[in-house]
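Enquirer: Got a structure for you, structure23.txt, holding compact mmCIF, C-alpha atoms.
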# COMPACT_ATOMS: atom_id res chain seq x y z
CA MET A 1 7.78 -10.86 -21.21
CA MET A 2 8.16 -14.63 -20.98
CA PHE A 3 4.92 -16.63 -21.13
CA SER A 4 3.18 -13.36 -21.96
CA LYS A 5 0.23 -14.70 -23.97
CA THR A 6 -0.47 -17.60 -21.62
CA LEU A 7 -0.18 -15.44 -18.50
CA GLU A 8 -2.35 -12.77 -20.09
CA ARG A 9 -5.09 -15.31 -20.87
CA ILE A 10 -4.94 -16.76 -17.36
CA ALA A 11 -5.05 -13.27 -15.82
CA LEU A 12 -8.08 -12.37 -17.95
CA MET A 13 -9.85 -15.61 -16.99
CA CYS A 14 -9.14 -14.92 -13.31
CA SER A 15 -10.54 -11.41 -13.68
CA LEU A 16 -13.69 -12.68 -15.41
CA LEU A 17 -14.16 -15.26 -12.67
CA GLY A 18 -13.69 -12.52 -10.05
CA GLY A 19 -16.37 -10.47 -11.79
CA LEU A 20 -18.75 -13.44 -11.77
CA VAL A 21 -18.08 -14.00 -8.07
CA LEU A 22 -18.81 -10.33 -7.29
CA THR A 23 -21.96 -10.47 -9.41
CA GLY A 24 -23.09 -13.49 -7.39
CA VAL A 25 -22.33 -11.67 -4.12
CA MET A 26 -24.30 -8.65 -5.34
CA LEU A 27 -27.31 -10.77 -6.36
CA MET A 28 -27.21 -12.65 -3.05
CA THR A 29 -27.05 -9.37 -1.13
CA CYS A 30 -30.01 -7.96 -3.08
CA TYR A 31 -32.00 -11.13 -2.42
CA SER A 32 -31.10 -11.04 1.26
CA LEU A 33 -32.06 -7.37 1.63
CA PHE A 34 -35.31 -7.91 -0.24
CA GLY A 35 -36.14 -10.95 1.88
CA ARG A 36 -35.26 -9.17 5.12
CA ASN A 37 -37.14 -5.94 4.37
CA VAL A 38 -40.09 -7.16 2.29
CA LEU A 39 -40.68 -10.81 3.08
CA GLY A 40 -39.54 -10.73 6.70
CA SER A 41 -37.06 -13.58 6.37
CA ALA A 42 -33.30 -13.12 6.14
CA LEU A 43 -30.86 -15.25 4.21
CA ILE A 44 -28.86 -17.09 6.88
CA GLY A 45 -25.09 -16.66 6.58
CA ASP A 46 -25.20 -13.98 3.90
CA PHE A 47 -22.41 -12.02 5.60
CA GLU A 48 -20.21 -15.14 5.66
CA LEU A 49 -20.69 -15.71 1.94
CA THR A 50 -20.10 -12.00 1.25
CA GLY A 51 -16.74 -12.19 3.03
CA VAL A 52 -15.75 -15.35 1.19
CA GLY A 53 -16.79 -13.92 -2.18
CA ALA A 54 -15.11 -10.57 -1.62
CA GLY A 55 -11.84 -12.23 -0.57
CA ALA A 56 -11.87 -14.55 -3.56
CA ALA A 57 -12.74 -11.73 -5.97
CA ILE A 58 -9.94 -9.49 -4.70
CA ALA A 59 -7.44 -12.31 -5.13
CA LEU A 60 -8.80 -13.11 -8.60
CA PHE A 61 -8.36 -9.49 -9.74
CA MET A 62 -4.71 -9.32 -8.67
CA PRO A 63 -3.13 -11.17 -11.64
CA LEU A 64 -4.61 -8.75 -14.18
CA CYS A 65 -3.79 -5.79 -11.96
CA GLN A 66 -0.14 -6.86 -11.83
CA LEU A 67 -0.02 -7.75 -15.53
CA ARG A 68 -1.20 -4.27 -16.50
CA ARG A 69 0.94 -2.63 -13.79
CA GLU A 70 -2.12 -0.92 -12.35
CA ASN A 71 -1.05 -1.00 -8.73
CA ILE A 72 -1.00 2.34 -6.95
CA ILE A 73 2.29 4.13 -7.53
CA VAL A 74 3.20 7.28 -5.67
CA ASP A 75 5.71 9.05 -7.89
CA PHE A 76 6.31 12.07 -5.69
CA PHE A 77 9.92 11.06 -5.01
CA THR A 78 10.64 9.69 -8.48
CA ALA A 79 9.09 12.42 -10.64
CA LYS A 80 12.49 13.81 -11.65
CA CYS A 81 14.32 10.49 -12.06
CA THR A 82 15.76 9.40 -15.38
CA GLU A 83 14.05 6.74 -17.47
CA SER A 84 16.75 4.19 -16.66
CA THR A 85 16.37 4.85 -12.92
CA LEU A 86 12.60 4.47 -13.19
CA PHE A 87 13.07 1.22 -15.11
CA ARG A 88 15.36 -0.16 -12.39
CA LEU A 89 12.94 0.94 -9.64
CA ASP A 90 10.06 -0.69 -11.50
CA ARG A 91 12.03 -3.97 -11.77
CA LEU A 92 12.80 -3.75 -8.03
CA GLY A 93 9.09 -3.22 -7.34
CA ASP A 94 8.26 -6.24 -9.51
CA ALA A 95 10.81 -8.32 -7.58
CA LEU A 96 9.24 -7.23 -4.28
CA MET A 97 5.76 -8.07 -5.59
CA THR A 98 7.10 -11.51 -6.57
CA VAL A 99 8.30 -12.10 -3.02
CA ILE A 100 5.11 -10.73 -1.42
CA PHE A 101 2.71 -12.73 -3.59
CA SER A 102 4.84 -15.87 -3.32
CA LEU A 103 4.61 -15.60 0.46
CA LEU A 104 0.87 -14.91 0.32
CA SER A 105 0.31 -17.91 -1.95
CA TRP A 106 2.48 -20.15 0.22
CA ARG A 107 0.76 -19.12 3.45
CA CYS A 108 -2.72 -19.46 1.92
CA GLY A 109 -1.73 -22.92 0.71
CA LEU A 110 -0.60 -23.93 4.19
CA ALA A 111 -3.78 -22.46 5.67
CA ALA A 112 -5.87 -24.45 3.17
CA ILE A 113 -4.10 -27.67 4.13
CA ASN A 114 -4.55 -26.92 7.83
CA ALA A 115 -8.23 -26.01 7.40
CA LYS A 116 -8.84 -29.22 5.44
CA GLU A 117 -7.12 -31.36 8.10
CA THR A 118 -8.93 -29.69 11.00
CA MET A 119 -12.23 -29.45 9.09
CA GLY A 120 -12.42 -25.70 9.73
CA ALA A 121 -15.69 -24.13 8.65
CA SER A 122 -17.68 -20.92 8.97
CA MET A 123 -19.86 -20.56 12.03
CA LEU A 124 -23.38 -20.38 10.60
CA LEU A 125 -23.22 -22.24 7.30
CA GLY A 126 -20.36 -24.60 7.97
CA PHE A 127 -18.74 -23.40 4.71
CA PRO A 128 -15.33 -25.13 4.48
CA ASP A 129 -12.45 -22.72 5.15
CA TRP A 130 -10.06 -24.62 2.87
CA ILE A 131 -12.10 -23.50 -0.15
CA VAL A 132 -11.61 -19.87 0.87
CA PHE A 133 -7.85 -20.22 1.23
CA THR A 134 -7.51 -22.18 -2.01
CA SER A 135 -9.51 -19.55 -3.88
CA MET A 136 -6.85 -17.02 -2.84
CA CYS A 137 -3.76 -19.25 -3.05
CA ILE A 138 -3.97 -19.95 -6.77
CA PRO A 139 -4.48 -16.36 -8.01
CA PHE A 140 -1.74 -15.12 -5.66
CA GLY A 141 0.62 -17.70 -7.17
CA ILE A 142 -0.31 -16.55 -10.67
CA THR A 143 0.32 -12.94 -9.63
CA ALA A 144 3.75 -13.94 -8.31
CA LEU A 145 4.54 -15.60 -11.65
CA ILE A 146 3.51 -12.49 -13.56
CA ALA A 147 5.56 -10.23 -11.28
CA ALA A 148 8.59 -12.52 -11.62
CA SER A 149 8.26 -12.40 -15.37
CA GLN A 150 8.08 -8.60 -15.25
CA ALA A 151 11.04 -8.38 -12.86
CA THR A 152 13.26 -10.27 -15.30
CA GLN A 153 12.26 -8.09 -18.24
CA SER A 154 15.34 -6.72 -19.95
CA ALA A 155 16.01 -3.07 -20.75
CA GLN A 156 16.21 -3.97 -24.48
CA HIS A 157 12.68 -5.40 -24.38
CA HIS A 158 11.50 -2.30 -22.54
CA ARG A 159 12.96 -0.01 -25.23
CA ALA A 160 11.48 -2.14 -28.01
CA VAL A 161 7.99 -2.02 -26.48
CA SER A 162 8.09 1.71 -25.65
Would you write out, as structure tokens, the structure that this file holds?
Expert:
Amino acid sequence: MMFSKTLERIALMCSLLGGLVLTGVMLMTCYSLFGRNVLGSALIGDFELTGVGAGAAIALFMPLCQLRRENIIVDFFTAKCTESTLFRLDRLGDALMTVIFSLLSWRCGLAAINAKETMGASMLLGFPDWIVFTSMCIPFGITALIAASQATQSAQHHRAVS
């Protein structure tokens, strides 16, 4: 796969960052629940930050998921296909993932630009929306690059790796 080592490192860094974001969301949620139930004071906007963090984390996990080909595959219809047919179907799936994640990255980028220009923000905290869209735009673009690289993988490389 072209750029394999660089893309693998970037995908791993994205995944680690996603794990840190989810850890932060979990700690914030624990603090908020403790404050609400024990101290009698809630953390204002915790649900907004949970949504932002969850969205960013999901996007940050996608590059590694695509790199390792760990998307859900239902092989009911392809269980009896030949290896060459499965290879071609996998390349088609990679091409479709390239298109899908390219579109997602593009639209998140446009949304980030629009949110920055209109100064869009969350209701309670005033958290800037452009940060949310940017945190998804970049990992989606990386996922599209990985999928494109996988889609162009040759059958000879596939046989050599297998």
Enquirer: With a distance cut-off of 7 Å and only C-alpha atoms, select the neighbouring residues of range 21-32 of chain A, excluding the residue or stretch itself and same-chain residues fewer than 4 positions from it, and output the selection as a PyMOL selection string.
Expert: chain A and resi 17+36+42-43+50+53-54+57
Enquirer: For a quick check of understanding, using all atoms listed in the file, which of A:Val52, A:Val132, A:Leu124, A:Ala151 has the smallest distance to Arg88 in chain A?
Expert: A:Ala151
Enquirer: Around (-2.4, -23.7, 2.8), as given in the file, which residues come within 12 Å? Count only C-alpha atoms and list them as an MDAnalysis selection string.
Expert: chainID A and resid 103:117 129:138
Enquirer: For range 90-99 of chain A, please output as a PyMOL selection string all residues within 8 Å (counting all atoms listed in the file; exclusion window: fewer than 3 positions along the same chain).
Expert: chain A and resi 86-87+102-103+143-148+150-153
Enquirer: How many Å lie between CA of Leu89 in chain A and CA of Cys14 in chain A, rounded to one decimal?
Expert: 27.4 Å
Enquirer: Calculate how many Å separate CA of Arg68 in chain A from CA of Met13 in chain A, rounding to one decimal.
Expert: 14.3 Å
Enquirer: Just save range 14-145 of chain A with C-alpha atoms, as a PDB file, in the first residue's frame.
Expert:
ATOM      1  CA  CYS A  14      -5.638   9.720  15.458  1.00  0.00           C
ATOM      2  CA  SER A  15      -6.798   6.665  17.377  1.00  0.00           C
ATOM      3  CA  LEU A  16      -4.734   7.601  20.436  1.00  0.00           C
ATOM      4  CA  LEU A  17      -6.123  11.126  20.304  1.00  0.00           C
ATOM      5  CA  GLY A  18      -9.652   9.683  20.028  1.00  0.00           C
ATOM      6  CA  GLY A  19      -8.975   7.568  23.117  1.00  0.00           C
ATOM      7  CA  LEU A  20      -7.771  10.632  25.022  1.00  0.00           C
ATOM      8  CA  VAL A  21     -10.875  12.559  23.985  1.00  0.00           C
ATOM      9  CA  LEU A  22     -13.144   9.726  25.175  1.00  0.00           C
ATOM     10  CA  THR A  23     -11.203   9.492  28.431  1.00  0.00           C
ATOM     11  CA  GLY A  24     -11.762  13.216  28.945  1.00  0.00           C
ATOM     12  CA  VAL A  25     -15.483  12.822  28.201  1.00  0.00           C
ATOM     13  CA  MET A  26     -15.683   9.943  30.681  1.00  0.00           C
ATOM     14  CA  LEU A  27     -13.902  11.915  33.419  1.00  0.00           C
ATOM     15  CA  MET A  28     -16.094  14.957  32.781  1.00  0.00           C
ATOM     16  CA  THR A  29     -19.227  12.797  32.938  1.00  0.00           C
ATOM     17  CA  CYS A  30     -18.091  11.208  36.230  1.00  0.00           C
ATOM     18  CA  TYR A  31     -17.364  14.653  37.677  1.00  0.00           C
ATOM     19  CA  SER A  32     -20.725  15.950  36.499  1.00  0.00           C
ATOM     20  CA  LEU A  33     -22.625  12.983  37.954  1.00  0.00           C
ATOM     21  CA  PHE A  34     -20.747  13.230  41.232  1.00  0.00           C
ATOM     22  CA  GLY A  35     -21.387  16.958  41.432  1.00  0.00           C
ATOM     23  CA  ARG A  36     -25.070  16.571  40.564  1.00  0.00           C
ATOM     24  CA  ASN A  37     -25.774  13.683  42.948  1.00  0.00           C
ATOM     25  CA  VAL A  38     -23.412  14.396  45.850  1.00  0.00           C
ATOM     26  CA  LEU A  39     -22.588  18.095  45.830  1.00  0.00           C
ATOM     27  CA  GLY A  40     -25.889  19.329  44.427  1.00  0.00           C
ATOM     28  CA  SER A  41     -24.357  21.338  41.595  1.00  0.00           C
ATOM     29  CA  ALA A  42     -24.301  20.202  37.976  1.00  0.00           C
ATOM     30  CA  LEU A  43     -21.619  20.902  35.411  1.00  0.00           C
ATOM     31  CA  ILE A  44     -23.237  23.327  32.962  1.00  0.00           C
ATOM     32  CA  GLY A  45     -23.098  22.187  29.335  1.00  0.00           C
ATOM     33  CA  ASP A  46     -21.812  18.695  30.039  1.00  0.00           C
ATOM     34  CA  PHE A  47     -24.147  17.192  27.440  1.00  0.00           C
ATOM     35  CA  GLU A  48     -22.851  19.641  24.811  1.00  0.00           C
ATOM     36  CA  LEU A  49     -19.253  18.680  25.507  1.00  0.00           C
ATOM     37  CA  THR A  50     -20.184  14.983  25.516  1.00  0.00           C
ATOM     38  CA  GLY A  51     -21.677  15.334  22.035  1.00  0.00           C
ATOM     39  CA  VAL A  52     -18.665  17.233  20.747  1.00  0.00           C
ATOM     40  CA  GLY A  53     -16.231  14.723  22.254  1.00  0.00           C
ATOM     41  CA  ALA A  54     -18.135  11.679  21.032  1.00  0.00           C
ATOM     42  CA  GLY A  55     -18.346  13.058  17.489  1.00  0.00           C
ATOM     43  CA  ALA A  56     -14.656  13.898  17.421  1.00  0.00           C
ATOM     44  CA  ALA A  57     -13.674  10.521  18.880  1.00  0.00           C
ATOM     45  CA  ILE A  58     -15.740   8.575  16.344  1.00  0.00           C
ATOM     46  CA  ALA A  59     -14.131  10.507  13.500  1.00  0.00           C
ATOM     47  CA  LEU A  60     -10.663  10.002  15.007  1.00  0.00           C
ATOM     48  CA  PHE A  61     -11.153   6.220  15.196  1.00  0.00           C
ATOM     49  CA  MET A  62     -12.158   5.907  11.525  1.00  0.00           C
ATOM     50  CA  PRO A  63      -8.660   6.063   9.940  1.00  0.00           C
ATOM     51  CA  LEU A  64      -7.401   3.091  11.960  1.00  0.00           C
ATOM     52  CA  CYS A  65     -10.654   1.232  11.405  1.00  0.00           C
ATOM     53  CA  GLN A  66     -10.280   1.640   7.632  1.00  0.00           C
ATOM     54  CA  LEU A  67      -6.553   0.875   7.686  1.00  0.00           C
ATOM     55  CA  ARG A  68      -7.159  -2.441   9.430  1.00  0.00           C
ATOM     56  CA  ARG A  69     -10.283  -3.143   7.347  1.00  0.00           C
ATOM     57  CA  GLU A  70     -12.343  -3.563  10.491  1.00  0.00           C
ATOM     58  CA  ASN A  71     -15.576  -2.166   9.141  1.00  0.00           C
ATOM     59  CA  ILE A  72     -18.598  -4.417   9.430  1.00  0.00           C
ATOM     60  CA  ILE A  73     -18.798  -6.806   6.495  1.00  0.00           C
ATOM     61  CA  VAL A  74     -21.802  -9.001   5.904  1.00  0.00           C
ATOM     62  CA  ASP A  75     -20.509 -11.924   3.868  1.00  0.00           C
ATOM     63  CA  PHE A  76     -23.775 -13.815   3.534  1.00  0.00           C
ATOM     64  CA  PHE A  77     -23.924 -13.219  -0.227  1.00  0.00           C
ATOM     65  CA  THR A  78     -20.196 -13.562  -0.861  1.00  0.00           C
ATOM     66  CA  ALA A  79     -19.406 -16.645   1.243  1.00  0.00           C
ATOM     67  CA  LYS A  80     -19.040 -18.873  -1.824  1.00  0.00           C
ATOM     68  CA  CYS A  81     -17.244 -16.376  -4.083  1.00  0.00           C
ATOM     69  CA  THR A  82     -13.764 -17.017  -5.388  1.00  0.00           C
ATOM     70  CA  GLU A  83     -10.756 -15.224  -3.920  1.00  0.00           C
ATOM     71  CA  SER A  84     -10.382 -13.054  -7.018  1.00  0.00           C
ATOM     72  CA  THR A  85     -14.057 -12.023  -6.855  1.00  0.00           C
ATOM     73  CA  LEU A  86     -13.694 -11.179  -3.164  1.00  0.00           C
ATOM     74  CA  PHE A  87     -10.569  -9.146  -3.953  1.00  0.00           C
ATOM     75  CA  ARG A  88     -12.427  -7.154  -6.627  1.00  0.00           C
ATOM     76  CA  LEU A  89     -15.409  -6.605  -4.307  1.00  0.00           C
ATOM     77  CA  ASP A  90     -13.072  -5.430  -1.551  1.00  0.00           C
ATOM     78  CA  ARG A  91     -11.419  -2.944  -3.946  1.00  0.00           C
ATOM     79  CA  LEU A  92     -14.889  -1.716  -4.978  1.00  0.00           C
ATOM     80  CA  GLY A  93     -15.776  -1.289  -1.301  1.00  0.00           C
ATOM     81  CA  ASP A  94     -12.549   0.653  -0.743  1.00  0.00           C
ATOM     82  CA  ALA A  95     -13.385   2.895  -3.713  1.00  0.00           C
ATOM     83  CA  LEU A  96     -16.857   3.547  -2.276  1.00  0.00           C
ATOM     84  CA  MET A  97     -15.348   4.334   1.135  1.00  0.00           C
ATOM     85  CA  THR A  98     -12.989   6.780  -0.602  1.00  0.00           C
ATOM     86  CA  VAL A  99     -15.947   8.585  -2.155  1.00  0.00           C
ATOM     87  CA  ILE A 100     -18.007   8.550   1.055  1.00  0.00           C
ATOM     88  CA  PHE A 101     -15.223   9.840   3.307  1.00  0.00           C
ATOM     89  CA  SER A 102     -14.118  12.403   0.730  1.00  0.00           C
ATOM     90  CA  LEU A 103     -17.661  13.768   0.686  1.00  0.00           C
ATOM     91  CA  LEU A 104     -17.871  13.722   4.491  1.00  0.00           C
ATOM     92  CA  SER A 105     -14.551  15.552   4.784  1.00  0.00           C
ATOM     93  CA  TRP A 106     -15.539  18.095   2.150  1.00  0.00           C
ATOM     94  CA  ARG A 107     -18.925  18.805   3.737  1.00  0.00           C
ATOM     95  CA  CYS A 108     -17.432  19.052   7.241  1.00  0.00           C
ATOM     96  CA  GLY A 109     -14.861  21.479   5.859  1.00  0.00           C
ATOM     97  CA  LEU A 110     -17.574  23.638   4.316  1.00  0.00           C
ATOM     98  CA  ALA A 111     -19.572  23.467   7.548  1.00  0.00           C
ATOM     99  CA  ALA A 112     -16.488  24.549   9.520  1.00  0.00           C
ATOM    100  CA  ILE A 113     -15.974  27.536   7.225  1.00  0.00           C
ATOM    101  CA  ASN A 114     -19.649  28.481   7.482  1.00  0.00           C
ATOM    102  CA  ALA A 115     -19.686  28.095  11.274  1.00  0.00           C
ATOM    103  CA  LYS A 116     -16.567  30.256  11.566  1.00  0.00           C
ATOM    104  CA  GLU A 117     -18.047  32.981   9.346  1.00  0.00           C
ATOM    105  CA  THR A 118     -21.402  32.996  11.143  1.00  0.00           C
ATOM    106  CA  MET A 119     -19.807  32.540  14.590  1.00  0.00           C
ATOM    107  CA  GLY A 120     -21.981  29.485  15.269  1.00  0.00           C
ATOM    108  CA  ALA A 121     -21.710  28.170  18.804  1.00  0.00           C
ATOM    109  CA  SER A 122     -23.376  25.766  21.209  1.00  0.00           C
ATOM    110  CA  MET A 123     -26.324  27.078  23.170  1.00  0.00           C
ATOM    111  CA  LEU A 124     -25.149  26.904  26.783  1.00  0.00           C
ATOM    112  CA  LEU A 125     -21.375  27.171  26.618  1.00  0.00           C
ATOM    113  CA  GLY A 126     -20.948  29.084  23.400  1.00  0.00           C
ATOM    114  CA  PHE A 127     -18.481  26.390  22.243  1.00  0.00           C
ATOM    115  CA  PRO A 128     -17.501  27.276  18.643  1.00  0.00           C
ATOM    116  CA  ASP A 129     -19.090  24.918  16.097  1.00  0.00           C
ATOM    117  CA  TRP A 130     -16.193  25.271  13.653  1.00  0.00           C
ATOM    118  CA  ILE A 131     -13.957  23.351  16.069  1.00  0.00           C
ATOM    119  CA  VAL A 132     -16.407  20.454  16.031  1.00  0.00           C
ATOM    120  CA  PHE A 133     -16.546  20.293  12.239  1.00  0.00           C
ATOM    121  CA  THR A 134     -12.777  20.643  11.885  1.00  0.00           C
ATOM    122  CA  SER A 135     -12.215  17.843  14.388  1.00  0.00           C
ATOM    123  CA  MET A 136     -14.197  15.572  12.050  1.00  0.00           C
ATOM    124  CA  CYS A 137     -13.032  16.965   8.695  1.00  0.00           C
ATOM    125  CA  ILE A 138      -9.371  16.084   9.103  1.00  0.00           C
ATOM    126  CA  PRO A 139      -9.770  12.435  10.223  1.00  0.00           C
ATOM    127  CA  PHE A 140     -12.396  11.853   7.520  1.00  0.00           C
ATOM    128  CA  GLY A 141      -9.909  13.141   4.939  1.00  0.00           C
ATOM    129  CA  ILE A 142      -7.229  10.809   6.302  1.00  0.00           C
ATOM    130  CA  THR A 143      -9.695   7.915   6.121  1.00  0.00           C
ATOM    131  CA  ALA A 144     -10.430   8.783   2.485  1.00  0.00           C
ATOM    132  CA  LEU A 145      -6.687   8.754   1.736  1.00  0.00           C
TER     133      LEU A 145
END
